[in-house]
$ cat input.cif   # mmCIF, C-alpha atoms
data_upload
loop_
_atom_site.label_atom_id
_atom_site.label_comp_id
_atom_site.auth_asym_id
_atom_site.auth_seq_id
_atom_site.Cartn_x
_atom_site.Cartn_y
_atom_site.Cartn_z
CA MET A 928 4.26 -8.95 -7.53
CA LYS A 929 6.13 -7.03 -4.84
CA ARG A 930 4.25 -5.54 -1.91
CA VAL A 931 5.42 -2.10 -0.76
CA LEU A 932 5.04 -1.26 2.93
CA SER A 933 3.90 2.23 3.70
CA CYS A 934 4.68 4.28 6.82
CA VAL A 935 1.52 6.32 6.32
CA PRO A 936 -1.37 5.02 8.45
CA GLU A 937 -4.70 4.24 6.89
CA PRO A 938 -7.28 7.07 7.07
CA THR A 939 -9.56 4.93 9.25
CA VAL A 940 -6.75 4.42 11.77
CA VAL A 941 -6.12 8.16 11.92
CA MET A 942 -9.83 8.88 12.40
CA ALA A 943 -10.11 6.25 15.14
CA ALA A 944 -7.12 7.76 16.97
CA ARG A 945 -8.63 11.24 16.73
CA ALA A 946 -11.99 9.97 17.99
CA LEU A 947 -10.30 8.32 21.00
CA CYS A 948 -8.44 11.53 21.79
CA MET A 949 -11.65 13.54 21.65
CA LEU A 950 -13.47 11.03 23.82
CA GLY A 951 -10.68 11.18 26.40
CA LEU A 952 -10.80 14.98 26.42
CA VAL A 953 -14.57 15.06 26.86
CA LEU A 954 -14.44 12.53 29.70
CA ALA A 955 -11.68 14.48 31.44
CA LEU A 956 -13.69 17.69 31.21
CA LEU A 957 -16.85 16.06 32.49
CA SER A 958 -15.14 14.43 35.44
CA SER A 959 -13.39 17.65 36.45
CA SER A 960 -16.67 19.56 36.69
CA SER A 961 -18.24 17.29 39.28
CA ALA A 962 -19.81 19.18 42.19
CA GLU A 963 -18.62 16.59 44.68
CA GLU A 964 -14.98 16.93 43.65
CA TYR A 965 -12.88 18.63 46.31
CA VAL A 966 -9.76 20.25 44.89
CA GLY A 967 -7.02 20.19 47.52
CA LEU A 968 -9.21 18.28 49.97
CA SER A 969 -9.54 14.57 50.51
CA ALA A 970 -12.94 12.91 50.29
CA ASN A 971 -12.55 12.00 53.98
CA GLN A 972 -12.24 15.67 54.92
CA CYS A 973 -15.58 16.38 53.24
CA ALA A 974 -17.38 13.41 54.82
CA VAL A 975 -19.01 15.71 57.40
CA PRO A 976 -22.36 14.50 58.79
CA ALA A 977 -25.18 16.87 57.81
CA LYS A 978 -25.89 17.84 61.43
CA ASP A 979 -22.23 18.80 61.98
CA ARG A 980 -21.76 21.00 58.90
CA VAL A 981 -20.45 24.51 59.58
CA ASP A 982 -21.50 26.99 56.88
CA CYS A 983 -18.62 28.29 54.80
CA GLY A 984 -20.41 30.01 51.95
CA TYR A 985 -23.14 32.47 51.15
CA PRO A 986 -26.47 32.21 49.32
CA GLN A 987 -26.10 30.95 45.73
CA VAL A 988 -22.41 30.09 46.16
CA THR A 989 -21.23 27.88 43.30
CA PRO A 990 -19.26 24.67 43.83
CA LYS A 991 -16.18 26.33 42.34
CA GLU A 992 -16.47 29.43 44.53
CA CYS A 993 -16.98 27.24 47.58
CA ASN A 994 -13.98 25.12 46.74
CA ASN A 995 -11.86 28.23 46.14
CA ARG A 996 -12.61 29.19 49.74
CA GLY A 997 -11.09 25.89 50.89
CA CYS A 998 -14.49 24.43 51.69
CA CYS A 999 -16.48 21.36 50.68
CA PHE A 1000 -19.60 21.51 48.49
CA ASP A 1001 -22.35 18.90 48.53
CA SER A 1002 -25.88 19.82 47.45
CA ARG A 1003 -27.44 16.39 47.88
CA ILE A 1004 -29.03 17.10 51.28
CA PRO A 1005 -31.64 19.90 51.44
CA GLY A 1006 -31.94 22.05 54.56
CA VAL A 1007 -28.27 21.98 55.57
CA PRO A 1008 -25.28 24.06 54.42
CA TRP A 1009 -24.11 22.97 50.99
CA CYS A 1010 -20.81 24.83 51.31
CA PHE A 1011 -19.23 23.78 54.59
CA LYS A 1012 -15.93 23.63 56.43
CA PRO A 1013 -13.95 20.41 55.97
CA LEU A 1014 -12.83 18.14 58.75
CA GLN A 1015 -9.24 18.70 59.81
CA GLU A 1016 -7.04 15.71 59.07
CA ALA A 1017 -5.29 14.51 62.16
CA GLU A 1018 -1.53 14.43 62.05
CA CYS A 1019 0.25 11.43 63.44
CA THR A 1020 2.85 12.33 66.04
CA PHE A 1021 5.14 9.91 67.79
#
$ encode --input "input.cif" --output "structure tokens"
Amino acid sequence: MKRVLSCVPEPTVVMAARALCMLGLVLALLSSSSAEEYVGLSANQCAVPAKDRVDCGYPQVTPKECNNRGCCFDSRIPGVPWCFKPLQEAECTF
């Protein structure tokens, strides 16, 4: 008996590929909504000690609104500004 090869993938393979794509999309969306993510800023620029934070927002500012202002947002420490100015990265000059 001859065996015929098919170019059509099995339904389970198609479903597995779709599930992986959906999982990747969900993970990408979740990681992009993190409050400690600083769009356009490096993590080092937002590593400002709590006592040195300079307020950059207003009451009830959201992480996205704060970031759109070019500022850092970190709500983990109560009693200090959560939306604050980033550190300026030093430029190397020779």
$ axis_aligned_box --input "input.cif" --around "segment 967-972 of chain A" --padding-each-side "3 Å" --output "JSON"
{"center_x": -10.0, "center_y": 16.1, "center_z": 51.2, "size_x": 11.9, "size_y": 14.2, "size_z": 13.4}
$ closest_residue --input "input.cif" --among "A:Phe1000, A:Asp979, A:Gln972, A:Lys991" --to "Leu1014 of chain A" --atoms "only C-alpha atoms"
A:Gln972
$ resolve_selection --input "input.cif" --expression "the PyMOL selection byres ((chain A and resi 1004) around 12)" --output "PyMOL selection string"
chain A and resi 975-978+980+1000-1003+1005-1010
$ residues_around --input "input.cif" --residues "Gly997 of chain A" --least-positions-apart "3" --cutoff "10 Å" --atoms "only C-alpha atoms" --output "PyMOL selection string"
chain A and resi 965-968+983+991-994+1000+1010-1013
$ atom_distance --input "input.cif" --atom1 "atom CA of Ala970 of chain A" --atom2 "atom CA of Arg996 of chain A"
16.3 Å
$ atom_distance --input "input.cif" --atom1 "atom CA of Pro990 of chain A" --atom2 "atom CA of Ser969 of chain A"
15.5 Å
$ atom_distance --input "input.cif" --atom1 "atom CA of Ala974 of chain A" --atom2 "atom CA of Asn995 of chain A"
18.0 Å
$ decode --input "input.cif" --residues "segment 992-1005 of chain A" --atoms "all heavy atoms" --output "JSON list (two decimals), in the first residue's frame"
[["chain", "number", "residue", "atom", "x", "y", "z"],
["A", 992, "GLU", "N", -0.02, 58.44, 32.07],
["A", 992, "GLU", "CA", 0.03, 59.91, 32.01],
["A", 992, "GLU", "C", 1.38, 60.42, 32.52],
["A", 992, "GLU", "O", 1.96, 61.34, 31.94],
["A", 992, "GLU", "CB", -1.10, 60.51, 32.83],
["A", 992, "GLU", "CG", -2.48, 60.27, 32.25],
["A", 992, "GLU", "CD", -3.60, 60.58, 33.22],
["A", 992, "GLU", "OE1", -3.38, 60.55, 34.46],
["A", 992, "GLU", "OE2", -4.71, 60.85, 32.74],
["A", 993, "CYS", "N", 1.86, 59.82, 33.58],
["A", 993, "CYS", "CA", 3.16, 60.19, 34.14],
["A", 993, "CYS", "C", 4.26, 59.97, 33.12],
["A", 993, "CYS", "O", 5.09, 60.84, 32.87],
["A", 993, "CYS", "CB", 3.42, 59.39, 35.41],
["A", 993, "CYS", "SG", 5.01, 59.73, 36.19],
["A", 994, "ASN", "N", 4.24, 58.79, 32.51],
["A", 994, "ASN", "CA", 5.26, 58.45, 31.53],
["A", 994, "ASN", "C", 5.19, 59.37, 30.31],
["A", 994, "ASN", "O", 6.21, 59.74, 29.75],
["A", 994, "ASN", "CB", 5.12, 56.99, 31.14],
["A", 994, "ASN", "CG", 6.36, 56.47, 30.47],
["A", 994, "ASN", "OD1", 6.33, 56.15, 29.31],
["A", 994, "ASN", "ND2", 7.45, 56.41, 31.21],
["A", 995, "ASN", "N", 3.97, 59.75, 29.91],
["A", 995, "ASN", "CA", 3.81, 60.66, 28.78],
["A", 995, "ASN", "C", 4.42, 62.03, 29.06],
["A", 995, "ASN", "O", 4.75, 62.77, 28.13],
["A", 995, "ASN", "CB", 2.34, 60.82, 28.40],
["A", 995, "ASN", "CG", 1.78, 59.59, 27.72],
["A", 995, "ASN", "OD1", 2.51, 58.75, 27.22],
["A", 995, "ASN", "ND2", 0.46, 59.48, 27.72],
["A", 996, "ARG", "N", 4.56, 62.37, 30.32],
["A", 996, "ARG", "CA", 5.19, 63.63, 30.72],
["A", 996, "ARG", "C", 6.71, 63.53, 30.74],
["A", 996, "ARG", "O", 7.40, 64.49, 31.06],
["A", 996, "ARG", "CB", 4.69, 64.04, 32.10],
["A", 996, "ARG", "CG", 3.20, 64.29, 32.18],
["A", 996, "ARG", "CD", 2.74, 64.45, 33.63],
["A", 996, "ARG", "NE", 3.19, 65.71, 34.21],
["A", 996, "ARG", "CZ", 2.41, 66.77, 34.40],
["A", 996, "ARG", "NH1", 1.14, 66.70, 34.08],
["A", 996, "ARG", "NH2", 2.89, 67.86, 34.94],
["A", 997, "GLY", "N", 7.23, 62.32, 30.46],
["A", 997, "GLY", "CA", 8.68, 62.11, 30.48],
["A", 997, "GLY", "C", 9.19, 61.81, 31.87],
["A", 997, "GLY", "O", 10.38, 61.99, 32.16],
["A", 998, "CYS", "N", 8.30, 61.35, 32.74],
["A", 998, "CYS", "CA", 8.65, 61.10, 34.13],
["A", 998, "CYS", "C", 8.57, 59.62, 34.46],
["A", 998, "CYS", "O", 8.04, 58.83, 33.70],
["A", 998, "CYS", "CB", 7.71, 61.88, 35.04],
["A", 998, "CYS", "SG", 7.80, 63.66, 34.77],
["A", 999, "CYS", "N", 9.10, 59.27, 35.61],
["A", 999, "CYS", "CA", 9.09, 57.89, 36.10],
["A", 999, "CYS", "C", 7.89, 57.70, 37.03],
["A", 999, "CYS", "O", 7.48, 58.63, 37.71],
["A", 999, "CYS", "CB", 10.37, 57.62, 36.90],
["A", 999, "CYS", "SG", 11.88, 57.90, 35.98],
["A", 1000, "PHE", "N", 7.37, 56.48, 37.07],
["A", 1000, "PHE", "CA", 6.25, 56.16, 37.97],
["A", 1000, "PHE", "C", 6.61, 54.91, 38.76],
["A", 1000, "PHE", "O", 6.97, 53.89, 38.21],
["A", 1000, "PHE", "CB", 4.96, 55.92, 37.18],
["A", 1000, "PHE", "CG", 3.76, 55.75, 38.05],
["A", 1000, "PHE", "CD1", 3.01, 56.86, 38.42],
["A", 1000, "PHE", "CD2", 3.38, 54.51, 38.52],
["A", 1000, "PHE", "CE1", 1.89, 56.72, 39.23],
["A", 1000, "PHE", "CE2", 2.27, 54.36, 39.33],
["A", 1000, "PHE", "CZ", 1.53, 55.47, 39.68],
["A", 1001, "ASP", "N", 6.51, 55.02, 40.08],
["A", 1001, "ASP", "CA", 6.76, 53.88, 40.96],
["A", 1001, "ASP", "C", 5.92, 54.08, 42.21],
["A", 1001, "ASP", "O", 6.18, 54.97, 43.02],
["A", 1001, "ASP", "CB", 8.24, 53.80, 41.32],
["A", 1001, "ASP", "CG", 8.57, 52.61, 42.18],
["A", 1001, "ASP", "OD1", 7.65, 51.88, 42.61],
["A", 1001, "ASP", "OD2", 9.76, 52.40, 42.45],
["A", 1002, "SER", "N", 4.90, 53.25, 42.38],
["A", 1002, "SER", "CA", 3.96, 53.41, 43.49],
["A", 1002, "SER", "C", 4.25, 52.46, 44.66],
["A", 1002, "SER", "O", 3.41, 52.28, 45.53],
["A", 1002, "SER", "CB", 2.53, 53.17, 42.99],
["A", 1002, "SER", "OG", 2.41, 51.87, 42.46],
["A", 1003, "ARG", "N", 5.44, 51.91, 44.69],
["A", 1003, "ARG", "CA", 5.74, 50.92, 45.73],
["A", 1003, "ARG", "C", 6.06, 51.54, 47.09],
["A", 1003, "ARG", "O", 6.01, 50.86, 48.10],
["A", 1003, "ARG", "CB", 6.91, 50.04, 45.30],
["A", 1003, "ARG", "CG", 6.58, 49.16, 44.10],
["A", 1003, "ARG", "CD", 7.75, 48.37, 43.65],
["A", 1003, "ARG", "NE", 8.74, 49.29, 43.07],
["A", 1003, "ARG", "CZ", 9.89, 48.92, 42.55],
["A", 1003, "ARG", "NH1", 10.25, 47.65, 42.57],
["A", 1003, "ARG", "NH2", 10.71, 49.80, 42.03],
["A", 1004, "ILE", "N", 6.40, 52.84, 47.12],
["A", 1004, "ILE", "CA", 6.79, 53.47, 48.39],
["A", 1004, "ILE", "C", 5.75, 54.53, 48.76],
["A", 1004, "ILE", "O", 5.62, 55.54, 48.06],
["A", 1004, "ILE", "CB", 8.19, 54.12, 48.29],
["A", 1004, "ILE", "CG1", 9.22, 53.09, 47.85],
["A", 1004, "ILE", "CG2", 8.58, 54.75, 49.62],
["A", 1004, "ILE", "CD1", 10.58, 53.67, 47.54],
["A", 1005, "PRO", "N", 4.98, 54.31, 49.84],
["A", 1005, "PRO", "CA", 3.99, 55.32, 50.23],
["A", 1005, "PRO", "C", 4.66, 56.55, 50.84],
["A", 1005, "PRO", "O", 5.76, 56.47, 51.39],
["A", 1005, "PRO", "CB", 3.13, 54.58, 51.27],
["A", 1005, "PRO", "CG", 3.98, 53.48, 51.77],
["A", 1005, "PRO", "CD", 4.95, 53.13, 50.68]]
